[in-house]
>>> print(open('my_file_31.pdb').read())   # PDB, C-alpha atoms
ATOM      1  CA  MET A   1       0.000   0.000   0.000
ATOM      2  CA  SER A   2       1.235   3.457  -0.769
ATOM      3  CA  ILE A   3       0.806   5.135   2.589
ATOM      4  CA  ARG A   4       1.591   8.517   1.039
ATOM      5  CA  THR A   5      -1.227   8.141  -1.489
ATOM      6  CA  VAL A   6      -3.746   7.102   1.158
ATOM      7  CA  VAL A   7      -2.758   9.803   3.647
ATOM      8  CA  THR A   8      -2.731  12.520   0.985
ATOM      9  CA  VAL A   9      -6.103  11.644  -0.536
ATOM     10  CA  VAL A  10      -7.908  10.956   2.754
ATOM     11  CA  ALA A  11      -6.452  14.057   4.466
ATOM     12  CA  ALA A  12      -7.489  16.171   1.478
ATOM     13  CA  GLY A  13     -10.999  14.705   1.649
ATOM     14  CA  ALA A  14     -11.221  15.508   5.353
ATOM     15  CA  ALA A  15      -9.960  19.063   4.743
ATOM     16  CA  ALA A  16     -12.523  19.525   1.980
ATOM     17  CA  SER A  17     -15.208  18.257   4.343
ATOM     18  CA  MET A  18     -14.200  20.862   6.922
ATOM     19  CA  ALA A  19     -15.693  23.420   4.534
ATOM     20  CA  LEU A  20     -19.091  21.794   5.091
ATOM     21  CA  GLY A  21     -19.133  22.885   8.721
ATOM     22  CA  GLU A  22     -16.919  25.944   8.803
ATOM     23  CA  PHE A  23     -19.821  28.406   9.095
ATOM     24  CA  VAL A  24     -21.982  26.395  11.489
ATOM     25  CA  PRO A  25     -20.460  27.685  14.760
ATOM     26  CA  PHE A  26     -20.780  31.253  13.489
ATOM     27  CA  LEU A  27     -24.164  31.396  11.749
ATOM     28  CA  THR A  28     -25.544  33.890  14.230
ATOM     29  CA  SER A  29     -22.627  36.302  13.876
ATOM     30  CA  VAL A  30     -22.444  35.917  10.072
ATOM     31  CA  SER A  31     -26.199  36.517   9.851
ATOM     32  CA  ALA A  32     -25.875  39.678  11.921
ATOM     33  CA  GLU A  33     -22.786  40.953  10.070
ATOM     34  CA  PHE A  34     -24.346  40.550   6.615
ATOM     35  CA  ARG A  35     -27.975  41.081   7.684
ATOM     36  CA  LEU A  36     -29.002  37.662   6.425
ATOM     37  CA  SER A  37     -32.379  36.090   7.090
ATOM     38  CA  LEU A  38     -32.444  32.679   8.729
ATOM     39  CA  THR A  39     -33.201  31.173   5.327
ATOM     40  CA  ALA A  40     -30.203  32.886   3.716
ATOM     41  CA  ALA A  41     -27.919  31.848   6.581
ATOM     42  CA  GLY A  42     -29.109  28.268   6.215
ATOM     43  CA  LEU A  43     -28.444  28.399   2.487
ATOM     44  CA  LEU A  44     -24.952  29.761   3.124
ATOM     45  CA  SER A  45     -24.250  26.918   5.506
ATOM     46  CA  SER A  46     -25.713  24.195   3.281
ATOM     47  CA  ALA A  47     -24.701  25.508  -0.158
ATOM     48  CA  ILE A  48     -21.899  22.990  -0.508
ATOM     49  CA  THR A  49     -24.103  19.981   0.191
ATOM     50  CA  LEU A  50     -26.836  21.364  -2.053
ATOM     51  CA  VAL A  51     -24.475  21.763  -5.011
ATOM     52  CA  ALA A  52     -22.823  18.411  -4.337
ATOM     53  CA  GLY A  53     -26.190  16.689  -4.180
ATOM     54  CA  LEU A  54     -27.229  18.149  -7.511
ATOM     55  CA  THR A  55     -23.953  17.699  -9.387
ATOM     56  CA  CYS A  56     -22.089  14.661  -8.096
ATOM     57  CA  LEU A  57     -23.825  12.068 -10.262
ATOM     58  CA  PRO A  58     -23.406  13.880 -13.599
ATOM     59  CA  LEU A  59     -19.932  15.051 -12.589
ATOM     60  CA  GLY A  60     -18.934  11.506 -11.635
ATOM     61  CA  LEU A  61     -20.114  10.151 -14.969
ATOM     62  CA  TRP A  62     -18.213  12.892 -16.807
ATOM     63  CA  VAL A  63     -14.872  12.487 -15.005
ATOM     64  CA  ASP A  64     -14.994   8.679 -15.049
ATOM     65  CA  ARG A  65     -13.362   8.562 -18.483
ATOM     66  CA  ARG A  66     -10.644  11.078 -17.650
ATOM     67  CA  PRO A  67      -7.503  11.182 -15.508
ATOM     68  CA  LEU A  68      -8.599  12.239 -12.021
ATOM     69  CA  ARG A  69      -5.518  13.711 -10.341
ATOM     70  CA  GLY A  70      -5.812  17.104 -12.065
ATOM     71  CA  PHE A  71      -9.484  17.434 -11.154
ATOM     72  CA  PHE A  72      -8.699  16.431  -7.571
ATOM     73  CA  VAL A  73      -6.019  19.116  -7.290
ATOM     74  CA  ALA A  74      -8.225  21.697  -9.014
ATOM     75  CA  GLY A  75     -11.005  20.988  -6.527
ATOM     76  CA  LEU A  76      -8.656  21.526  -3.584
ATOM     77  CA  VAL A  77      -7.326  24.771  -5.051
ATOM     78  CA  ALA A  78     -10.852  26.036  -5.816
ATOM     79  CA  LEU A  79     -11.966  25.242  -2.267
ATOM     80  CA  GLY A  80      -8.970  26.979  -0.735
ATOM     81  CA  VAL A  81      -8.871  30.075  -2.924
ATOM     82  CA  ALA A  82     -12.633  30.587  -2.636
ATOM     83  CA  GLY A  83     -12.386  30.192   1.134
ATOM     84  CA  LEU A  84      -9.673  32.836   1.277
ATOM     85  CA  ALA A  85     -11.836  35.103  -0.896
ATOM     86  CA  ALA A  86     -14.730  34.610   1.521
ATOM     87  CA  THR A  87     -12.613  36.001   4.360
ATOM     88  CA  LEU A  88     -12.401  39.278   2.436
ATOM     89  CA  ALA A  89     -16.153  39.495   1.828
ATOM     90  CA  ASP A  90     -17.675  42.890   2.527
ATOM     91  CA  GLY A  91     -21.148  41.907   1.382
ATOM     92  CA  PRO A  92     -23.344  38.860   0.962
ATOM     93  CA  GLY A  93     -22.738  38.652  -2.802
ATOM     94  CA  VAL A  94     -19.028  37.906  -2.400
ATOM     95  CA  LEU A  95     -19.772  35.527   0.450
ATOM     96  CA  PHE A  96     -22.337  33.538  -1.529
ATOM     97  CA  GLY A  97     -20.213  33.638  -4.691
ATOM     98  CA  SER A  98     -17.187  32.254  -2.905
ATOM     99  CA  ARG A  99     -19.361  29.583  -1.297
ATOM    100  CA  ALA A 100     -20.588  28.530  -4.764
ATOM    101  CA  VAL A 101     -16.986  28.094  -5.937
ATOM    102  CA  GLN A 102     -16.208  26.157  -2.760
ATOM    103  CA  ALA A 103     -19.165  23.904  -3.556
ATOM    104  CA  ALA A 104     -17.805  23.143  -7.022
ATOM    105  CA  GLY A 105     -14.382  22.381  -5.553
ATOM    106  CA  TYR A 106     -15.890  20.165  -2.886
ATOM    107  CA  ALA A 107     -17.848  18.188  -5.476
ATOM    108  CA  LEU A 108     -14.666  17.643  -7.503
ATOM    109  CA  VAL A 109     -12.728  16.408  -4.474
ATOM    110  CA  MET A 110     -15.486  14.099  -3.265
ATOM    111  CA  ILE A 111     -16.040  12.552  -6.686
ATOM    112  CA  THR A 112     -12.401  12.135  -7.684
ATOM    113  CA  GLY A 113     -10.911  11.123  -4.310
ATOM    114  CA  PRO A 114     -12.290   7.576  -4.151
ATOM    115  CA  GLY A 115     -11.650   7.149  -7.862
ATOM    116  CA  LEU A 116      -7.998   8.063  -7.361
ATOM    117  CA  LEU A 117      -7.691   5.557  -4.543
ATOM    118  CA  ALA A 118      -9.313   2.874  -6.698
ATOM    119  CA  ARG A 119      -7.036   3.602  -9.661
ATOM    120  CA  LEU A 120      -3.772   3.968  -7.764
ATOM    121  CA  LEU A 121      -4.114   1.057  -5.325
ATOM    122  CA  LYS A 122      -4.771  -2.662  -5.720
ATOM    123  CA  GLY A 123      -6.235  -5.488  -3.633
ATOM    124  CA  ARG A 124      -6.536  -5.106   0.128
ATOM    125  CA  SER A 125      -4.758  -1.755  -0.018
ATOM    126  CA  ARG A 126      -7.580  -0.432  -2.174
ATOM    127  CA  GLN A 127     -10.223  -1.854   0.170
ATOM    128  CA  THR A 128      -8.561  -0.345   3.233
ATOM    129  CA  ALA A 129      -8.093   3.034   1.570
ATOM    130  CA  LEU A 130     -11.710   3.197   0.417
ATOM    131  CA  ALA A 131     -12.861   2.274   3.929
ATOM    132  CA  LEU A 132     -10.729   5.107   5.308
ATOM    133  CA  TRP A 133     -12.254   7.477   2.718
ATOM    134  CA  GLY A 134     -15.551   6.989   4.541
ATOM    135  CA  LEU A 135     -14.067   8.895   7.470
ATOM    136  CA  CYS A 136     -13.598  12.099   5.454
ATOM    137  CA  ILE A 137     -16.963  13.735   5.996
ATOM    138  CA  PRO A 138     -17.476  12.946   9.705
ATOM    139  CA  SER A 139     -13.875  13.807  10.578
ATOM    140  CA  GLY A 140     -14.017  17.022   8.539
ATOM    141  CA  LEU A 141     -17.226  18.095  10.243
ATOM    142  CA  ALA A 142     -15.799  17.271  13.680
ATOM    143  CA  LEU A 143     -12.598  19.182  12.956
ATOM    144  CA  ALA A 144     -14.564  22.205  11.715
ATOM    145  CA  GLY A 145     -16.646  22.216  14.890
ATOM    146  CA  ALA A 146     -13.570  21.943  17.100
ATOM    147  CA  LEU A 147     -11.776  24.632  15.124
ATOM    148  CA  GLY A 148     -14.803  26.892  15.525
ATOM    149  CA  GLY A 149     -14.327  26.777  19.265
ATOM    150  CA  ALA A 150     -10.609  27.492  18.975
ATOM    151  CA  THR A 151     -10.685  30.420  16.527
ATOM    152  CA  MET A 152     -11.586  34.035  16.955
ATOM    153  CA  GLY A 153     -14.511  34.306  14.552
ATOM    154  CA  TRP A 154     -15.699  32.948  11.243
ATOM    155  CA  ARG A 155     -13.056  34.673   9.100
ATOM    156  CA  ALA A 156     -10.271  33.027  11.091
ATOM    157  CA  GLU A 157     -11.854  29.593  10.812
ATOM    158  CA  VAL A 158     -12.497  29.929   7.081
ATOM    159  CA  ALA A 159      -8.914  31.153   6.565
ATOM    160  CA  VAL A 160      -7.461  28.186   8.443
ATOM    161  CA  VAL A 161      -9.606  25.677   6.532
ATOM    162  CA  ALA A 162      -8.740  27.347   3.219
ATOM    163  CA  THR A 163      -5.027  27.343   3.998
ATOM    164  CA  ILE A 164      -5.032  23.667   4.960
ATOM    165  CA  THR A 165      -6.889  22.807   1.765
ATOM    166  CA  VAL A 166      -4.511  24.750  -0.481
ATOM    167  CA  LEU A 167      -1.489  23.266   1.267
ATOM    168  CA  LEU A 168      -2.822  19.740   0.691
ATOM    169  CA  ALA A 169      -3.063  20.477  -3.036
ATOM    170  CA  VAL A 170       0.761  20.417  -3.159
ATOM    171  CA  PRO A 171       1.275  16.742  -2.216
ATOM    172  CA  ALA A 172      -1.877  15.853  -4.180
ATOM    173  CA  ALA A 173      -0.268  17.281  -7.314
ATOM    174  CA  THR A 174       2.661  14.893  -6.844
ATOM    175  CA  LEU A 175       0.525  11.738  -6.647
ATOM    176  CA  PRO A 176       1.245   9.215  -9.399
ATOM    177  CA  PRO A 177      -0.681   9.839 -12.591
ATOM    178  CA  ASP A 178      -3.819   7.767 -12.987
ATOM    179  CA  ALA A 179      -5.286   6.391 -16.155
ATOM    180  CA  PRO A 180      -8.996   6.217 -16.888
ATOM    181  CA  PRO A 181     -10.411   2.726 -17.115
ATOM    182  CA  THR A 182     -10.983   1.288 -20.535
ATOM    183  CA  HIS A 183     -14.698   0.961 -21.276
ATOM    184  CA  GLU A 184     -16.316  -1.099 -23.976
TER     185      GLU A 184
END
>>> encode(input="my_file_31.pdb", output="structure tokens")
Amino acid sequence: MSIRTVVTVVAAGAAASMALGEFVPFLTSVSAEFRLSLTAAGLLSSAITLVAGLTCLPLGLWVDRRPLRGFFVAGLVALGVAGLAATLADGPGVLFGSRAVQAAGYALVMITGPGLLARLLKGRSRQTALALWGLCIPSGLALAGALGGATMGWRAEVAVVATITVLLAVPAATLPPDAPPTHE
């Protein structure tokens, strides 16, 4: 088993999943700062899961016939850069726009991560890695909640999550190249 491959892909999936919960501890303060209704604050918090739910199936079918590593890295970079842009938001438009880009990046990471593991690993290593992939979302949500209690406001939390995500794009870019499966 390539430990480096497993650690890189699973850590990146967990970091991407931190974006799911990064606003949750701060919904009240974000709502007050941007004068958002409860509905708008809920949409801000759930935008990533909404976009992922609507796009993951067609996106998965589309990327299935392509090399995945580049999409995986692009998703991490999009998540991180959009998160950093969100920290500079001075109005709800920038905040929601950056969240939409984060959602696209998240969908890319979640669709391509298990595919990368399946393409780069064989046998029991593949089975173990895919089992570990299942920890990404719950661990990311738990880390985001814990980080919310340790940071000084939503901008700090979003900046930390974005930085971690961008930093994980570096080792992800050095993963071995993968080849799409041959289909009849």
>>> resolve_selection(input="my_file_31.pdb", expression="the PyMOL selection byres ((chain A and resi 106-110) around 8)", output="list in words")
Ala12, Gly13, Ala16, Ser17, Ile48, Val51, Ala52, Thr55, Cys56, Leu59, Phe71, Phe72, Val73, Ala74, Gly75, Leu76, Leu79, Gln102, Ala103, Ala104, Gly105, Ile111, Thr112, Gly113 and Pro114 of chain A
>>> residues_around(input="my_file_31.pdb", residues="stretch 32-45 of chain A", least_positions_apart="2", cutoff="12 Å", atoms="all atoms listed in the file", output="PDB file with C-alpha atoms, in the frame of the given file")
ATOM      1  CA  MET A  18     -14.200  20.862   6.922  1.00  0.00           C
ATOM      2  CA  ALA A  19     -15.693  23.420   4.534  1.00  0.00           C
ATOM      3  CA  LEU A  20     -19.091  21.794   5.091  1.00  0.00           C
ATOM      4  CA  GLY A  21     -19.133  22.885   8.721  1.00  0.00           C
ATOM      5  CA  GLU A  22     -16.919  25.944   8.803  1.00  0.00           C
ATOM      6  CA  PHE A  23     -19.821  28.406   9.095  1.00  0.00           C
ATOM      7  CA  VAL A  24     -21.982  26.395  11.489  1.00  0.00           C
ATOM      8  CA  PRO A  25     -20.460  27.685  14.760  1.00  0.00           C
ATOM      9  CA  PHE A  26     -20.780  31.253  13.489  1.00  0.00           C
ATOM     10  CA  LEU A  27     -24.164  31.396  11.749  1.00  0.00           C
ATOM     11  CA  THR A  28     -25.544  33.890  14.230  1.00  0.00           C
ATOM     12  CA  SER A  29     -22.627  36.302  13.876  1.00  0.00           C
ATOM     13  CA  VAL A  30     -22.444  35.917  10.072  1.00  0.00           C
ATOM     14  CA  ALA A  47     -24.701  25.508  -0.158  1.00  0.00           C
ATOM     15  CA  ILE A  48     -21.899  22.990  -0.508  1.00  0.00           C
ATOM     16  CA  THR A  49     -24.103  19.981   0.191  1.00  0.00           C
ATOM     17  CA  LEU A  50     -26.836  21.364  -2.053  1.00  0.00           C
ATOM     18  CA  VAL A  51     -24.475  21.763  -5.011  1.00  0.00           C
ATOM     19  CA  ALA A  86     -14.730  34.610   1.521  1.00  0.00           C
ATOM     20  CA  ALA A  89     -16.153  39.495   1.828  1.00  0.00           C
ATOM     21  CA  ASP A  90     -17.675  42.890   2.527  1.00  0.00           C
ATOM     22  CA  GLY A  91     -21.148  41.907   1.382  1.00  0.00           C
ATOM     23  CA  PRO A  92     -23.344  38.860   0.962  1.00  0.00           C
ATOM     24  CA  GLY A  93     -22.738  38.652  -2.802  1.00  0.00           C
ATOM     25  CA  VAL A  94     -19.028  37.906  -2.400  1.00  0.00           C
ATOM     26  CA  LEU A  95     -19.772  35.527   0.450  1.00  0.00           C
ATOM     27  CA  PHE A  96     -22.337  33.538  -1.529  1.00  0.00           C
ATOM     28  CA  GLY A  97     -20.213  33.638  -4.691  1.00  0.00           C
ATOM     29  CA  SER A  98     -17.187  32.254  -2.905  1.00  0.00           C
ATOM     30  CA  ARG A  99     -19.361  29.583  -1.297  1.00  0.00           C
ATOM     31  CA  ALA A 100     -20.588  28.530  -4.764  1.00  0.00           C
ATOM     32  CA  GLN A 102     -16.208  26.157  -2.760  1.00  0.00           C
ATOM     33  CA  ALA A 103     -19.165  23.904  -3.556  1.00  0.00           C
ATOM     34  CA  GLY A 153     -14.511  34.306  14.552  1.00  0.00           C
ATOM     35  CA  TRP A 154     -15.699  32.948  11.243  1.00  0.00           C
ATOM     36  CA  ARG A 155     -13.056  34.673   9.100  1.00  0.00           C
TER      37      ARG A 155
END
>>> atom_distance(input="my_file_31.pdb", atom1="atom CA of A:Gly134", atom2="atom CA of A:Val9")
11.7 Å
>>> atom_distance(input="my_file_31.pdb", atom1="atom CA of A:Leu57", atom2="atom CA of A:Thr165")
23.4 Å
>>> closest_residue(input="my_file_31.pdb", among="A:Leu175, A:Leu88, A:Ala78, A:Leu61", to="A:Ile3", atoms="all atoms listed in the file")
A:Leu175
>>> atom_distance(input="my_file_31.pdb", atom1="atom CA of A:Leu141", atom2="atom CA of A:Ala159")
15.9 Å
>>> resolve_selection(input="my_file_31.pdb", expression="the PyMOL selection byres ((chain A and resi 167) around 12)", output="MDAnalysis selection string")
chainID A and resid 8 11:12 15:16 73 76:77 79:81 160:166 168:173
>>> build_atoms(input="my_file_31.pdb", residues="stretch 152-163 of chain A", atoms="N, CA, C and O atoms", output="mmCIF file, in the coordinates of the input")
data_model
loop_
_atom_site.group_PDB
_atom_site.id
_atom_site.type_symbol
_atom_site.label_atom_id
_atom_site.label_comp_id
_atom_site.auth_asym_id
_atom_site.auth_seq_id
_atom_site.Cartn_x
_atom_site.Cartn_y
_atom_site.Cartn_z
ATOM 1 N N MET A 152 -10.982 32.761 16.572
ATOM 2 C CA MET A 152 -11.586 34.035 16.955
ATOM 3 C C MET A 152 -12.477 34.550 15.823
ATOM 4 O O MET A 152 -12.171 35.535 15.171
ATOM 5 N N GLY A 153 -13.554 33.839 15.544
ATOM 6 C CA GLY A 153 -14.511 34.306 14.552
ATOM 7 C C GLY A 153 -14.490 33.503 13.267
ATOM 8 O O GLY A 153 -13.591 32.708 13.007
ATOM 9 N N TRP A 154 -15.521 33.732 12.448
ATOM 10 C CA TRP A 154 -15.699 32.948 11.243
ATOM 11 C C TRP A 154 -14.603 33.190 10.231
ATOM 12 O O TRP A 154 -14.190 32.264 9.537
ATOM 13 N N ARG A 155 -14.112 34.412 10.097
ATOM 14 C CA ARG A 155 -13.056 34.673 9.100
ATOM 15 C C ARG A 155 -11.790 33.893 9.423
ATOM 16 O O ARG A 155 -11.127 33.377 8.529
ATOM 17 N N ALA A 156 -11.460 33.791 10.695
ATOM 18 C CA ALA A 156 -10.271 33.027 11.091
ATOM 19 C C ALA A 156 -10.460 31.549 10.776
ATOM 20 O O ALA A 156 -9.547 30.900 10.246
ATOM 21 N N GLU A 157 -11.624 31.011 11.109
ATOM 22 C CA GLU A 157 -11.854 29.593 10.812
ATOM 23 C C GLU A 157 -11.806 29.320 9.318
ATOM 24 O O GLU A 157 -11.152 28.378 8.862
ATOM 25 N N VAL A 158 -12.485 30.136 8.531
ATOM 26 C CA VAL A 158 -12.497 29.929 7.081
ATOM 27 C C VAL A 158 -11.082 30.058 6.517
ATOM 28 O O VAL A 158 -10.687 29.289 5.635
ATOM 29 N N ALA A 159 -10.298 30.990 7.035
ATOM 30 C CA ALA A 159 -8.914 31.153 6.565
ATOM 31 C C ALA A 159 -8.064 29.928 6.886
ATOM 32 O O ALA A 159 -7.260 29.479 6.053
ATOM 33 N N VAL A 160 -8.229 29.375 8.067
ATOM 34 C CA VAL A 160 -7.461 28.186 8.443
ATOM 35 C C VAL A 160 -7.849 27.005 7.559
ATOM 36 O O VAL A 160 -6.978 26.298 7.031
ATOM 37 N N VAL A 161 -9.143 26.782 7.371
ATOM 38 C CA VAL A 161 -9.606 25.677 6.532
ATOM 39 C C VAL A 161 -9.104 25.863 5.098
ATOM 40 O O VAL A 161 -8.615 24.916 4.467
ATOM 41 N N ALA A 162 -9.198 27.072 4.586
ATOM 42 C CA ALA A 162 -8.740 27.347 3.219
ATOM 43 C C ALA A 162 -7.239 27.104 3.076
ATOM 44 O O ALA A 162 -6.786 26.513 2.089
ATOM 45 N N THR A 163 -6.480 27.528 4.046
ATOM 46 C CA THR A 163 -5.027 27.343 3.998
ATOM 47 C C THR A 163 -4.657 25.867 4.025
ATOM 48 O O THR A 163 -3.812 25.406 3.244
#
